[in-house]
Amino acid sequence: MMAIEGLSIRSYLDHHTHDLFAVDLRRRGFDIVKARDVGNERASDEAHLAWATDQGRVVLTSDFDDYPVLADRWYLEGRDHAGIILLEQPGLRHPYGRLLRRLLRLLDTLAADDMINRVEWLDWKWDNHD
């Protein structure tokens with residue numbers, strides 16, 4: 001799976017998520033920046049979401065505690081965001097390769113417009129069963 005110019009989701013990797021995702025997505029042509037790349041490594045979750053939204057980027061994060069609450073609050077306040085993708089940290093339960101395949105499947109299936117105000121949990125439904 002490779003990025004499609006102008007259609008693919010542009011992503012922002014926050015400080016909670018493994019840097020290897022950025023490396024592998026860039027290899028496949030996806031437009032992704034890391035918080036550290038833009039001086040946001042110490043930013044709050046709210047600042048990450050605001051920066052990413054201003055740039056038209058979906059936040060990739062492993063922060064399952066704060067981002068769903070933040071998205072709900074923004075919804076209640078009538079604020080839009082570019083989207084949030086929640087993915088677990090690689091480990092024994094979810095090997096990196098499986099998580100990467102799920103992420104690529106999601107990025108291959110959804111467009112940036114599909115992600116507006118959406119919180120997507122990178123769970124089993126994104127497994128490739130072909």
# chains A, B, ... in the order shown; residues from 1 in each chain; ligands from 1
call {"tool": "residues_around", "arguments": {"residues": "Ala22 (chain A)", "least_positions_apart": "5", "cutoff": "12 Å", "atoms": "only C-alpha atoms", "output": "list in words"}}
result
Arg10, Ser11, Tyr12, Leu13, Asp14, His15, Thr17, Arg27, Arg28, Gly29, Phe30, Asp31, Ile32, Val33, Lys34, Ala35, Arg36, Asp37, Val59, Leu60, Thr61, Leu100, Leu103 and Leu104 of chain A
call {"tool": "residues_around", "arguments": {"residues": "Gly56 (chain A)", "least_positions_apart": "2", "cutoff": "8 Å", "atoms": "only C-alpha atoms", "output": "list in words"}}
result
Arg10, Ala52, Thr53, Asp54, Val58 and Ala82 of chain A
call {"tool": "closest_residue", "arguments": {"among": "A:Arg101, A:Leu70, A:His94, A:Gln89", "to": "Leu25 (chain A)", "atoms": "only C-alpha atoms"}}
result
A:Arg101
call {"tool": "residues_around", "arguments": {"residues": "Asp113 (chain A)", "least_positions_apart": "2", "cutoff": "9 Å", "atoms": "only C-alpha atoms", "output": "PyMOL selection string"}}
result
chain A and resi 9+82+110-111+115-116
call {"tool": "select_by_dssp", "arguments": {"residues": "region 45-93 of chain A", "states": "helix (DSSP H, G or I)", "output": "VMD selection string"}}
result
chain A and resid 45 to 54 67 to 76
call {"tool": "closest_residue", "arguments": {"among": "A:Ala112, A:Leu20, A:Arg105, A:Glu77", "to": "Lys125 (chain A)", "atoms": "only C-alpha atoms"}}
result
A:Arg105
call {"tool": "closest_residue", "arguments": {"among": "A:His81, A:Arg118, A:Arg57, A:Arg93", "to": "Ser8 (chain A)", "atoms": "only C-alpha atoms"}}
result
A:Arg57
call {"tool": "closest_residue", "arguments": {"among": "A:Asn40, A:Pro68, A:Asp63, A:Glu46", "to": "His16 (chain A)", "atoms": "only C-alpha atoms"}}
result
A:Asp63
call {"tool": "residues_around", "arguments": {"residues": "Val119 (chain A)", "least_positions_apart": "2", "cutoff": "9 Å", "atoms": "only C-alpha atoms", "output": "PyMOL selection string"}}
result
chain A and resi 67-68+71+83-86+115-117+121
call {"tool": "decode", "arguments": {"residues": "region 34-77 of chain A", "atoms": "N, CA and C atoms", "output": "CSV table (one decimal), in the first residue's frame"}}
result
chain,number,residue,atom,x,y,z
A,34,LYS,N,6.5,14.3,12.7
A,34,LYS,CA,6.5,14.0,14.2
A,34,LYS,C,6.4,15.3,15.0
A,35,ALA,N,5.9,15.2,16.2
A,35,ALA,CA,5.8,16.3,17.1
A,35,ALA,C,7.2,17.0,17.2
A,36,ARG,N,8.2,16.1,17.3
A,36,ARG,CA,9.6,16.6,17.5
A,36,ARG,C,10.1,17.4,16.3
A,37,ASP,N,9.6,17.0,15.1
A,37,ASP,CA,10.0,17.7,13.9
A,37,ASP,C,9.6,19.1,13.9
A,38,VAL,N,8.5,19.5,14.5
A,38,VAL,CA,8.0,20.8,14.5
A,38,VAL,C,8.1,21.5,15.8
A,39,GLY,N,8.9,21.0,16.7
A,39,GLY,CA,9.1,21.7,18.0
A,39,GLY,C,7.9,21.5,19.0
A,40,ASN,N,7.1,20.5,18.8
A,40,ASN,CA,6.0,20.2,19.7
A,40,ASN,C,6.1,19.1,20.7
A,41,GLU,N,7.4,18.6,20.9
A,41,GLU,CA,7.5,17.4,21.7
A,41,GLU,C,7.1,17.6,23.2
A,42,ARG,N,7.0,18.8,23.7
A,42,ARG,CA,6.5,19.1,25.0
A,42,ARG,C,5.1,19.7,25.1
A,43,ALA,N,4.4,19.7,23.9
A,43,ALA,CA,3.1,20.3,23.9
A,43,ALA,C,2.0,19.5,24.6
A,44,SER,N,1.0,20.1,25.0
A,44,SER,CA,-0.2,19.4,25.6
A,44,SER,C,-0.9,18.7,24.5
A,45,ASP,N,-1.8,17.8,24.9
A,45,ASP,CA,-2.6,17.0,23.9
A,45,ASP,C,-3.5,18.0,23.2
A,46,GLU,N,-4.0,19.0,23.9
A,46,GLU,CA,-4.8,20.0,23.2
A,46,GLU,C,-4.0,20.7,22.1
A,47,ALA,N,-2.8,21.1,22.5
A,47,ALA,CA,-2.0,21.8,21.5
A,47,ALA,C,-1.6,20.9,20.3
A,48,HIS,N,-1.4,19.7,20.6
A,48,HIS,CA,-1.1,18.7,19.5
A,48,HIS,C,-2.3,18.7,18.5
A,49,LEU,N,-3.5,18.5,19.1
A,49,LEU,CA,-4.7,18.4,18.3
A,49,LEU,C,-4.9,19.7,17.5
A,50,ALA,N,-4.8,20.8,18.2
A,50,ALA,CA,-5.0,22.1,17.5
A,50,ALA,C,-4.0,22.4,16.4
A,51,TRP,N,-2.7,22.0,16.6
A,51,TRP,CA,-1.7,22.2,15.6
A,51,TRP,C,-2.0,21.3,14.4
A,52,ALA,N,-2.2,20.1,14.7
A,52,ALA,CA,-2.5,19.1,13.6
A,52,ALA,C,-3.7,19.6,12.8
A,53,THR,N,-4.8,20.0,13.4
A,53,THR,CA,-6.0,20.5,12.8
A,53,THR,C,-5.7,21.7,11.9
A,54,ASP,N,-4.9,22.6,12.4
A,54,ASP,CA,-4.6,23.8,11.7
A,54,ASP,C,-3.8,23.4,10.4
A,55,GLN,N,-3.1,22.3,10.5
A,55,GLN,CA,-2.2,21.9,9.3
A,55,GLN,C,-3.0,20.9,8.5
A,56,GLY,N,-4.2,20.5,8.8
A,56,GLY,CA,-5.0,19.5,8.1
A,56,GLY,C,-4.4,18.1,8.2
A,57,ARG,N,-3.9,17.8,9.4
A,57,ARG,CA,-3.3,16.5,9.7
A,57,ARG,C,-4.1,15.7,10.8
A,58,VAL,N,-4.2,14.4,10.5
A,58,VAL,CA,-4.8,13.5,11.5
A,58,VAL,C,-3.7,13.2,12.6
A,59,VAL,N,-4.1,13.2,13.8
A,59,VAL,CA,-3.2,12.9,14.9
A,59,VAL,C,-3.1,11.3,15.0
A,60,LEU,N,-1.9,10.8,15.0
A,60,LEU,CA,-1.7,9.4,15.3
A,60,LEU,C,-1.1,9.4,16.8
A,61,THR,N,-1.8,8.6,17.6
A,61,THR,CA,-1.4,8.6,19.0
A,61,THR,C,-1.7,7.3,19.7
A,62,SER,N,-0.9,7.1,20.8
A,62,SER,CA,-1.2,5.9,21.6
A,62,SER,C,-1.8,6.3,22.9
A,63,ASP,N,-2.2,7.5,23.0
A,63,ASP,CA,-2.8,8.1,24.3
A,63,ASP,C,-4.3,7.8,24.3
A,64,PHE,N,-4.7,6.6,24.7
A,64,PHE,CA,-6.1,6.2,24.7
A,64,PHE,C,-6.9,6.9,25.9
A,65,ASP,N,-6.2,7.4,26.8
A,65,ASP,CA,-6.9,8.0,28.0
A,65,ASP,C,-7.4,9.5,27.7
A,66,ASP,N,-6.5,10.3,27.0
A,66,ASP,CA,-6.8,11.7,26.9
A,66,ASP,C,-7.5,12.1,25.6
A,67,TYR,N,-7.1,11.5,24.5
A,67,TYR,CA,-7.6,12.0,23.2
A,67,TYR,C,-9.1,11.7,23.0
A,68,PRO,N,-9.7,10.6,23.4
A,68,PRO,CA,-11.2,10.5,23.2
A,68,PRO,C,-11.9,11.5,24.0
A,69,VAL,N,-11.5,11.8,25.2
A,69,VAL,CA,-12.1,12.8,26.1
A,69,VAL,C,-12.0,14.2,25.4
A,70,LEU,N,-10.8,14.5,24.9
A,70,LEU,CA,-10.5,15.7,24.2
A,70,LEU,C,-11.4,15.9,23.0
A,71,ALA,N,-11.6,14.8,22.2
A,71,ALA,CA,-12.4,14.9,21.0
A,71,ALA,C,-13.9,15.1,21.4
A,72,ASP,N,-14.3,14.5,22.5
A,72,ASP,CA,-15.7,14.7,23.0
A,72,ASP,C,-15.9,16.1,23.4
A,73,ARG,N,-14.9,16.7,24.1
A,73,ARG,CA,-15.0,18.1,24.5
A,73,ARG,C,-15.1,19.0,23.3
A,74,TRP,N,-14.2,18.8,22.4
A,74,TRP,CA,-14.2,19.6,21.2
A,74,TRP,C,-15.6,19.5,20.5
A,75,TYR,N,-16.2,18.3,20.4
A,75,TYR,CA,-17.5,18.1,19.8
A,75,TYR,C,-18.5,19.0,20.5
A,76,LEU,N,-18.5,18.9,21.9
A,76,LEU,CA,-19.5,19.6,22.6
A,76,LEU,C,-19.3,21.1,22.5
A,77,GLU,N,-18.1,21.6,22.3
A,77,GLU,CA,-17.8,23.0,22.1
A,77,GLU,C,-18.0,23.4,20.6
